[in-house]
Amino acid sequence: MSEVAEREARAASPAVEPALFRQLLGCFPTGVAVITTRTPEGEPAGLTCNSFSSVSLEPPLVLFSLRKASRLLATFEQAEGFAINILSAQQDALSARFASSKVERKFEGVAWRPGRLGMPLIDDCLASFECSVFARHEAGDHVVCIGEVRHMGAGAADQALVFYKGAYMMLAESLRQLVLQGRLGDADIDEAYRTLYGTLLKLACARADEAELDAVEAAVDAIEAHADDAPRRDRIDSASRFFSAIAAAGHNEALTLMAQTMTSVLRERMTHVLPVRARPDLYPLRRNIARRLRARDAEGAAAALDELIAQLRKG
């Protein structure tokens, strides 16, 4: 087809209807982030965004798209850097706050800290990326901002906040409702843990490398290091990290996905149902699991897990 014919064919094609375009784009679930920077006066500024994407590994580049109509356009165009704060499923209110044009003082009451580049990093996010500006490009009614990642960090071990078809989709919402309604019984949960993590421990005995074994032991150390008055959230994070480390050491993607579901159940039960306090009687039991795993003793590791679950239920 000639160039002229191609132009005529494009001209004859029906125009893309904006409302339908937006609707169909919504069929692609995206994570939610708050993009933050500093004003020329040094004040923190930020907005909610679901256009965050990775660009390159070498150098490490990421991007987000900013509407030209945004009130923060000039701020971001003058800034030398920005930070990407990936939100957890618990932070939907924070997402709404930074998306609202009615909230003038976005950071009021929000826990945050300056990063190594001085960019605002919001507490309790899943991950953060502090970037220097690499490039900016105009693209239709948006400006594409590309940043080179200078510093990054992992945060809370939680589910991601996801935007899908114009609404937030909590990946663990159905599990949360089952937990709150008391429809997940103790016996069923115990059986699930024994079956799932018993299998993962046996796989880990055969497949785990030394770094993964170290991660299990580090998770045990973190649990034992808590002070008696440690915050509930810290105890929940440590307990979740212990089971996540076992799952990672098993090297089975399907079982790891199931383990993530069980971790969500654990977090919801510890948050809303179970008493969360120091349990020094469990310390040697977790330590025994890590020791059996290090010895590549599959049956012993599974038996140690059974003992831990039985003692947990007694408490």
# chains A, B, ... in the order shown; residues from 1 in each chain; ligands from 1

call {"tool": "select_by_dssp", "arguments": {"residues": "region 43-257 of chain A", "states": "helix (DSSP H, G or I)", "output": "number ranges by chain"}}
result
A: 73-78, 89-99, 173-180, 186-207, 210-224, 232-250, 253-257

call {"tool": "residues_around", "arguments": {"residues": "Gln91 (chain A)", "least_positions_apart": "3", "cutoff": "9 Å", "atoms": "only C-alpha atoms", "output": "list in words"}}
result
Leu87, Ser88, Leu94, Ser95, Ala96, Asp124, Cys125 and Leu161 of chain A

call {"tool": "write_last_selection", "arguments": {"atoms": "C-alpha atoms", "output": "PDB file, in the first residue's frame"}}
result
ATOM      1  CA  LEU A  87       0.966   1.831  47.984  1.00  0.00           C
ATOM      2  CA  SER A  88      -0.242  -1.218  49.883  1.00  0.00           C
ATOM      3  CA  LEU A  94      -3.895   7.732  51.229  1.00  0.00           C
ATOM      4  CA  SER A  95      -4.363   7.211  47.510  1.00  0.00           C
ATOM      5  CA  ALA A  96      -7.667   9.067  47.604  1.00  0.00           C
ATOM      6  CA  ASP A 124       4.583   1.933  55.315  1.00  0.00           C
ATOM      7  CA  CYS A 125       4.603   1.728  51.512  1.00  0.00           C
ATOM      8  CA  LEU A 161      -3.264  -1.634  46.093  1.00  0.00           C
TER       9      LEU A 161
END

call {"tool": "residues_around", "arguments": {"residues": "Leu308 (chain A)", "least_positions_apart": "3", "cutoff": "6 Å", "atoms": "only C-alpha atoms", "output": "list in words"}}
result
Leu285, Leu305 and Gln311 of chain A

call {"tool": "residues_around", "arguments": {"residues": "region 252-264 of chain A", "least_positions_apart": "4", "cutoff": "8 Å", "atoms": "only C-alpha atoms", "output": "compact mmCIF listing (two decimals) with N, CA, C and O atoms, in the first residue's frame"}}
result
# COMPACT_ATOMS: atom_id res chain seq x y z
N ASP A 158 3.08 -6.62 52.41
CA ASP A 158 1.63 -6.57 52.33
C ASP A 158 1.22 -6.77 50.87
O ASP A 158 2.04 -6.85 49.97
N GLN A 159 -0.09 -6.84 50.64
CA GLN A 159 -0.62 -6.90 49.28
C GLN A 159 -0.59 -5.50 48.67
O GLN A 159 -0.64 -4.49 49.36
N ALA A 172 -6.68 -8.94 48.58
CA ALA A 172 -6.97 -9.83 49.70
C ALA A 172 -8.35 -9.56 50.31
O ALA A 172 -8.66 -10.05 51.39
N LEU A 175 -10.50 -12.61 51.27
CA LEU A 175 -9.92 -13.28 52.43
C LEU A 175 -10.21 -12.50 53.71
O LEU A 175 -10.51 -13.07 54.75
N TYR A 193 -1.85 -24.85 56.86
CA TYR A 193 -0.45 -24.52 57.15
C TYR A 193 0.42 -25.76 57.16
O TYR A 193 1.54 -25.77 56.62
N LEU A 196 0.67 -27.02 53.37
CA LEU A 196 1.39 -26.13 52.47
C LEU A 196 2.83 -25.94 52.90
O LEU A 196 3.77 -26.19 52.12
N TYR A 197 3.04 -25.50 54.13
CA TYR A 197 4.41 -25.19 54.56
C TYR A 197 5.21 -26.46 54.85
O TYR A 197 6.44 -26.44 54.76
N LEU A 200 6.53 -27.10 51.46
CA LEU A 200 7.56 -26.12 51.11
C LEU A 200 8.85 -26.37 51.87
O LEU A 200 9.95 -26.21 51.33
N SER A 240 5.02 -12.72 59.31
CA SER A 240 4.80 -12.90 57.87
C SER A 240 6.11 -13.17 57.16
O SER A 240 6.18 -14.01 56.24
N PHE A 243 7.35 -16.92 57.39
CA PHE A 243 6.71 -17.86 56.47
C PHE A 243 7.04 -17.54 55.01
O PHE A 243 7.17 -18.44 54.18
N SER A 244 7.20 -16.25 54.70
CA SER A 244 7.57 -15.88 53.33
C SER A 244 8.96 -16.39 52.98
O SER A 244 9.22 -16.80 51.84
N ALA A 247 8.71 -20.00 52.10
CA ALA A 247 8.12 -20.16 50.76
C ALA A 247 9.16 -19.88 49.68
O ALA A 247 9.27 -20.63 48.69
N ALA A 248 9.94 -18.82 49.85
CA ALA A 248 10.96 -18.47 48.86
C ALA A 248 12.00 -19.58 48.73
O ALA A 248 12.49 -19.86 47.63
N GLU A 268 -4.36 -10.87 58.41
CA GLU A 268 -5.70 -10.42 58.79
C GLU A 268 -6.11 -10.99 60.15
O GLU A 268 -6.72 -10.30 60.96

call {"tool": "residues_around", "arguments": {"residues": "Gly140 (chain A)", "least_positions_apart": "5", "cutoff": "12 Å", "atoms": "only C-alpha atoms", "output": "list of chain:residue names"}}
result
A:Ser65, A:Leu66, A:Arg67, A:Lys68, A:Ala69

call {"tool": "residues_around", "arguments": {"residues": "Ala230 (chain A)", "least_positions_apart": "3", "cutoff": "10 Å", "atoms": "only C-alpha atoms", "output": "list in words"}}
result
Ala225, His226, Ala227, Arg233, Asp234, Arg235, Val276, Arg277 and Ala278 of chain A

call {"tool": "write_last_selection", "arguments": {"atoms": "N, CA and C atoms", "output": "short mmCIF file (atom, residue, chain, number, x, y, z; two decimals), in the first residue's frame"}}
result
data_model
loop_
_atom_site.label_atom_id
_atom_site.label_comp_id
_atom_site.auth_asym_id
_atom_site.auth_seq_id
_atom_site.Cartn_x
_atom_site.Cartn_y
_atom_site.Cartn_z
N ALA A 225 13.96 -10.73 68.58
CA ALA A 225 14.54 -9.44 68.97
C ALA A 225 13.51 -8.42 69.41
N HIS A 226 12.23 -8.70 69.21
CA HIS A 226 11.20 -7.73 69.59
C HIS A 226 11.17 -7.53 71.10
N ALA A 227 11.03 -6.27 71.52
CA ALA A 227 10.80 -5.98 72.92
C ALA A 227 9.39 -6.41 73.30
N ARG A 233 2.07 -4.09 64.63
CA ARG A 233 2.43 -4.16 63.21
C ARG A 233 3.80 -4.80 63.02
N ASP A 234 4.76 -4.47 63.91
CA ASP A 234 6.09 -5.05 63.78
C ASP A 234 6.05 -6.56 63.99
N ARG A 235 5.25 -7.02 64.94
CA ARG A 235 5.15 -8.46 65.19
C ARG A 235 4.49 -9.16 64.00
N VAL A 276 -1.96 -10.50 69.90
CA VAL A 276 -0.59 -10.44 69.43
C VAL A 276 0.29 -9.98 70.59
N ARG A 277 1.10 -10.88 71.08
CA ARG A 277 1.95 -10.60 72.23
C ARG A 277 3.22 -11.44 72.11
N ALA A 278 4.15 -11.17 73.02
CA ALA A 278 5.39 -11.94 73.03
C ALA A 278 5.09 -13.39 73.39
#

call {"tool": "atom_distance", "arguments": {"atom1": "CA of His251 (chain A)", "atom2": "CA of Val220 (chain A)"}}
result
19.9 Å

call {"tool": "closest_residue", "arguments": {"among": "A:Ser132, A:Ser56, A:Thr39, A:Ser100", "to": "Phe76 (chain A)", "atoms": "only C-alpha atoms"}}
result
A:Thr39

call {"tool": "residues_around", "arguments": {"residues": "Glu210 (chain A)", "least_positions_apart": "2", "cutoff": "12 Å", "atoms": "only C-alpha atoms", "output": "VMD selection string"}}
result
chain A and resid 204 to 208 212 to 217 249 290 293 to 296

call {"tool": "write_last_selection", "arguments": {"atoms": "all heavy atoms", "output": "compact mmCIF listing (two decimals), in the first residue's frame"}}
result
# COMPACT_ATOMS: atom_id res chain seq x y z
N ALA A 204 12.37 -27.04 50.26
CA ALA A 204 13.48 -26.16 50.62
C ALA A 204 14.70 -26.95 51.07
O ALA A 204 15.85 -26.55 50.81
CB ALA A 204 13.05 -25.18 51.71
N CYS A 205 14.47 -28.08 51.74
CA CYS A 205 15.60 -28.91 52.16
C CYS A 205 16.41 -29.39 50.96
O CYS A 205 17.63 -29.60 51.06
CB CYS A 205 15.10 -30.11 52.97
SG CYS A 205 14.60 -29.69 54.66
N ALA A 206 15.76 -29.54 49.83
CA ALA A 206 16.45 -30.01 48.63
C ALA A 206 16.93 -28.87 47.74
O ALA A 206 17.92 -29.02 47.01
CB ALA A 206 15.52 -30.92 47.83
N ARG A 207 16.25 -27.72 47.78
CA ARG A 207 16.48 -26.70 46.77
C ARG A 207 17.09 -25.40 47.29
O ARG A 207 17.65 -24.62 46.50
CB ARG A 207 15.15 -26.36 46.07
CG ARG A 207 14.51 -27.54 45.40
CD ARG A 207 13.15 -27.16 44.82
NE ARG A 207 12.51 -28.27 44.14
CZ ARG A 207 11.30 -28.22 43.58
NH1 ARG A 207 10.61 -27.08 43.64
NH2 ARG A 207 10.79 -29.27 42.98
N ALA A 208 16.96 -25.10 48.57
CA ALA A 208 17.37 -23.79 49.07
C ALA A 208 18.88 -23.60 48.99
O ALA A 208 19.65 -24.53 49.23
CB ALA A 208 16.91 -23.62 50.51
N GLU A 212 19.19 -18.26 51.17
CA GLU A 212 17.78 -18.46 51.54
C GLU A 212 17.65 -19.08 52.93
O GLU A 212 16.73 -18.75 53.69
CB GLU A 212 17.09 -19.31 50.48
CG GLU A 212 16.91 -18.55 49.17
CD GLU A 212 16.65 -19.44 47.97
OE1 GLU A 212 16.97 -20.65 48.04
OE2 GLU A 212 16.14 -18.93 46.96
N LEU A 213 18.57 -19.97 53.27
CA LEU A 213 18.58 -20.52 54.62
C LEU A 213 18.90 -19.41 55.63
O LEU A 213 18.31 -19.36 56.72
CB LEU A 213 19.60 -21.66 54.73
CG LEU A 213 19.35 -22.87 53.82
CD1 LEU A 213 20.46 -23.90 54.01
CD2 LEU A 213 17.99 -23.51 54.11
N ASP A 214 19.82 -18.55 55.26
CA ASP A 214 20.15 -17.41 56.12
C ASP A 214 18.93 -16.51 56.34
O ASP A 214 18.72 -15.97 57.44
CB ASP A 214 21.28 -16.58 55.51
CG ASP A 214 22.62 -17.30 55.51
OD1 ASP A 214 22.75 -18.29 56.27
OD2 ASP A 214 23.52 -16.87 54.77
N ALA A 215 18.11 -16.34 55.29
CA ALA A 215 16.93 -15.49 55.39
C ALA A 215 15.91 -16.06 56.38
O ALA A 215 15.26 -15.31 57.12
CB ALA A 215 16.29 -15.31 54.01
N VAL A 216 15.76 -17.39 56.39
CA VAL A 216 14.85 -18.01 57.36
C VAL A 216 15.36 -17.76 58.78
O VAL A 216 14.59 -17.38 59.68
CB VAL A 216 14.72 -19.52 57.09
CG1 VAL A 216 13.89 -20.19 58.18
CG2 VAL A 216 14.08 -19.76 55.72
N GLU A 217 16.66 -17.95 58.99
CA GLU A 217 17.22 -17.73 60.32
C GLU A 217 17.13 -16.25 60.72
O GLU A 217 16.87 -15.93 61.88
CB GLU A 217 18.67 -18.21 60.36
CG GLU A 217 18.79 -19.72 60.29
CD GLU A 217 20.21 -20.20 60.54
OE1 GLU A 217 21.13 -19.36 60.54
OE2 GLU A 217 20.39 -21.41 60.72
N ALA A 249 12.33 -20.22 49.85
CA ALA A 249 13.34 -21.27 49.83
C ALA A 249 12.86 -22.53 49.13
O ALA A 249 13.67 -23.37 48.71
CB ALA A 249 13.78 -21.59 51.26
N ALA A 290 14.31 -23.82 61.62
CA ALA A 290 15.45 -23.29 60.87
C ALA A 290 16.64 -24.24 60.94
O ALA A 290 17.35 -24.45 59.94
CB ALA A 290 15.83 -21.91 61.40
N LEU A 293 15.99 -27.28 58.78
CA LEU A 293 16.12 -26.87 57.37
C LEU A 293 17.59 -26.76 56.98
O LEU A 293 17.99 -27.22 55.91
CB LEU A 293 15.39 -25.54 57.18
CG LEU A 293 15.28 -24.98 55.76
CD1 LEU A 293 14.63 -25.98 54.82
CD2 LEU A 293 14.49 -23.69 55.77
N ARG A 294 18.38 -26.18 57.85
CA ARG A 294 19.81 -26.04 57.57
C ARG A 294 20.47 -27.42 57.43
O ARG A 294 21.40 -27.60 56.62
CB ARG A 294 20.47 -25.25 58.71
CG ARG A 294 21.96 -25.08 58.60
CD ARG A 294 22.34 -24.04 57.57
NE ARG A 294 21.99 -22.69 57.98
CZ ARG A 294 22.27 -21.60 57.28
NH1 ARG A 294 22.89 -21.72 56.10
NH2 ARG A 294 21.90 -20.40 57.70
N ALA A 295 19.98 -28.39 58.21
CA ALA A 295 20.54 -29.75 58.16
C ALA A 295 19.99 -30.56 57.00
O ALA A 295 20.36 -31.73 56.83
CB ALA A 295 20.26 -30.47 59.48
N ARG A 296 19.07 -29.96 56.21
CA ARG A 296 18.43 -30.64 55.08
C ARG A 296 17.66 -31.87 55.55
O ARG A 296 17.57 -32.88 54.86
CB ARG A 296 19.47 -31.07 54.03
CG ARG A 296 20.43 -29.96 53.61
CD ARG A 296 19.76 -28.93 52.73
NE ARG A 296 20.69 -27.86 52.36
CZ ARG A 296 20.44 -26.91 51.45
NH1 ARG A 296 19.28 -26.91 50.82
NH2 ARG A 296 21.31 -25.97 51.19

call {"tool": "select_by_dssp", "arguments": {"residues": "region 45-175 of chain A", "states": "strand (DSSP E or B)", "output": "MDAnalysis selection string"}}
result
chainID A and resid 45:49 53:56 61:67 81:86 88 112:114 120:122 127:139 142:154 160:164 167:170

call {"tool": "write_last_selection", "arguments": {"atoms": "C-alpha atoms", "output": "PDB file, in the first residue's frame"}}
result
ATOM      1  CA  ALA A  45       4.306  17.901  47.085  1.00  0.00           C
ATOM      2  CA  GLY A  46       2.697  14.798  45.680  1.00  0.00           C
ATOM      3  CA  LEU A  47      -0.067  13.214  43.666  1.00  0.00           C
ATOM      4  CA  THR A  48      -1.587   9.784  43.085  1.00  0.00           C
ATOM      5  CA  CYS A  49      -0.601   7.999  39.901  1.00  0.00           C
ATOM      6  CA  SER A  53       6.254   1.824  34.801  1.00  0.00           C
ATOM      7  CA  SER A  54       9.774   0.472  34.551  1.00  0.00           C
ATOM      8  CA  VAL A  55      11.803   1.518  31.507  1.00  0.00           C
ATOM      9  CA  SER A  56      15.337   0.154  31.708  1.00  0.00           C
ATOM     10  CA  LEU A  61      15.023   3.965  34.681  1.00  0.00           C
ATOM     11  CA  VAL A  62      11.330   4.342  35.573  1.00  0.00           C
ATOM     12  CA  LEU A  63       8.616   6.677  34.351  1.00  0.00           C
ATOM     13  CA  PHE A  64       5.272   8.170  35.177  1.00  0.00           C
ATOM     14  CA  SER A  65       2.926  10.349  33.131  1.00  0.00           C
ATOM     15  CA  LEU A  66       1.657  13.698  34.404  1.00  0.00           C
ATOM     16  CA  ARG A  67      -1.361  15.515  32.985  1.00  0.00           C
ATOM     17  CA  GLY A  81      14.068  14.599  41.233  1.00  0.00           C
ATOM     18  CA  PHE A  82      11.037  12.728  42.470  1.00  0.00           C
ATOM     19  CA  ALA A  83      10.130   9.623  44.451  1.00  0.00           C
ATOM     20  CA  ILE A  84       7.774   6.762  43.628  1.00  0.00           C
ATOM     21  CA  ASN A  85       5.907   5.418  46.679  1.00  0.00           C
ATOM     22  CA  ILE A  86       4.153   2.105  45.909  1.00  0.00           C
ATOM     23  CA  SER A  88      -0.242  -1.218  49.883  1.00  0.00           C
ATOM     24  CA  TRP A 112       6.823  10.615  55.830  1.00  0.00           C
ATOM     25  CA  ARG A 113      10.563  11.190  55.903  1.00  0.00           C
ATOM     26  CA  PRO A 114      13.093  12.792  53.536  1.00  0.00           C
ATOM     27  CA  PRO A 120       9.512  12.747  50.499  1.00  0.00           C
ATOM     28  CA  LEU A 121       9.220   9.012  51.225  1.00  0.00           C
ATOM     29  CA  ILE A 122       5.862   7.946  52.674  1.00  0.00           C
ATOM     30  CA  ALA A 127       8.526   0.014  48.086  1.00  0.00           C
ATOM     31  CA  SER A 128      10.035   3.368  47.257  1.00  0.00           C
ATOM     32  CA  PHE A 129      12.279   4.595  44.430  1.00  0.00           C
ATOM     33  CA  GLU A 130      14.087   7.904  44.760  1.00  0.00           C
ATOM     34  CA  CYS A 131      15.022   9.257  41.339  1.00  0.00           C
ATOM     35  CA  SER A 132      16.870  12.069  39.649  1.00  0.00           C
ATOM     36  CA  VAL A 133      15.261  13.426  36.487  1.00  0.00           C
ATOM     37  CA  PHE A 134      16.617  11.647  33.401  1.00  0.00           C
ATOM     38  CA  ALA A 135      14.321  13.120  30.722  1.00  0.00           C
ATOM     39  CA  ARG A 136      10.937  14.699  30.124  1.00  0.00           C
ATOM     40  CA  HIS A 137       8.891  14.291  26.946  1.00  0.00           C
ATOM     41  CA  GLU A 138       5.601  15.843  25.871  1.00  0.00           C
ATOM     42  CA  ALA A 139       3.103  13.222  24.748  1.00  0.00           C
ATOM     43  CA  HIS A 142       0.580  14.435  29.270  1.00  0.00           C
ATOM     44  CA  VAL A 143       4.248  14.907  30.061  1.00  0.00           C
ATOM     45  CA  VAL A 144       6.224  11.683  30.434  1.00  0.00           C
ATOM     46  CA  CYS A 145       8.727  12.013  33.273  1.00  0.00           C
ATOM     47  CA  ILE A 146      11.614   9.541  33.223  1.00  0.00           C
ATOM     48  CA  GLY A 147      13.713   9.146  36.334  1.00  0.00           C
ATOM     49  CA  GLU A 148      16.983   7.376  37.041  1.00  0.00           C
ATOM     50  CA  VAL A 149      16.695   5.417  40.271  1.00  0.00           C
ATOM     51  CA  ARG A 150      19.379   6.516  42.735  1.00  0.00           C
ATOM     52  CA  HIS A 151      18.085   4.885  45.910  1.00  0.00           C
ATOM     53  CA  MET A 152      15.352   2.373  46.650  1.00  0.00           C
ATOM     54  CA  GLY A 153      13.964   0.418  49.540  1.00  0.00           C
ATOM     55  CA  ALA A 154      11.425  -2.241  50.478  1.00  0.00           C
ATOM     56  CA  ALA A 160      -0.507  -4.164  46.651  1.00  0.00           C
ATOM     57  CA  LEU A 161      -3.264  -1.634  46.093  1.00  0.00           C
ATOM     58  CA  VAL A 162      -4.590  -2.253  42.591  1.00  0.00           C
ATOM     59  CA  PHE A 163      -6.728  -0.054  40.339  1.00  0.00           C
ATOM     60  CA  TYR A 164      -9.066  -1.940  38.015  1.00  0.00           C
ATOM     61  CA  ALA A 167     -12.061   1.288  41.238  1.00  0.00           C
ATOM     62  CA  TYR A 168      -9.612  -0.023  43.807  1.00  0.00           C
ATOM     63  CA  MET A 169      -9.376  -3.777  43.853  1.00  0.00           C
ATOM     64  CA  MET A 170      -8.112  -5.207  47.124  1.00  0.00           C
TER      65      MET A 170
END

call {"tool": "atom_distance", "arguments": {"atom1": "CA of Ala33 (chain A)", "atom2": "CA of Phe52 (chain A)"}}
result
7.2 Å

call {"tool": "atom_distance", "arguments": {"atom1": "CA of Ala89 (chain A)", "atom2": "CA of Asp229 (chain A)"}}
result
26.1 Å
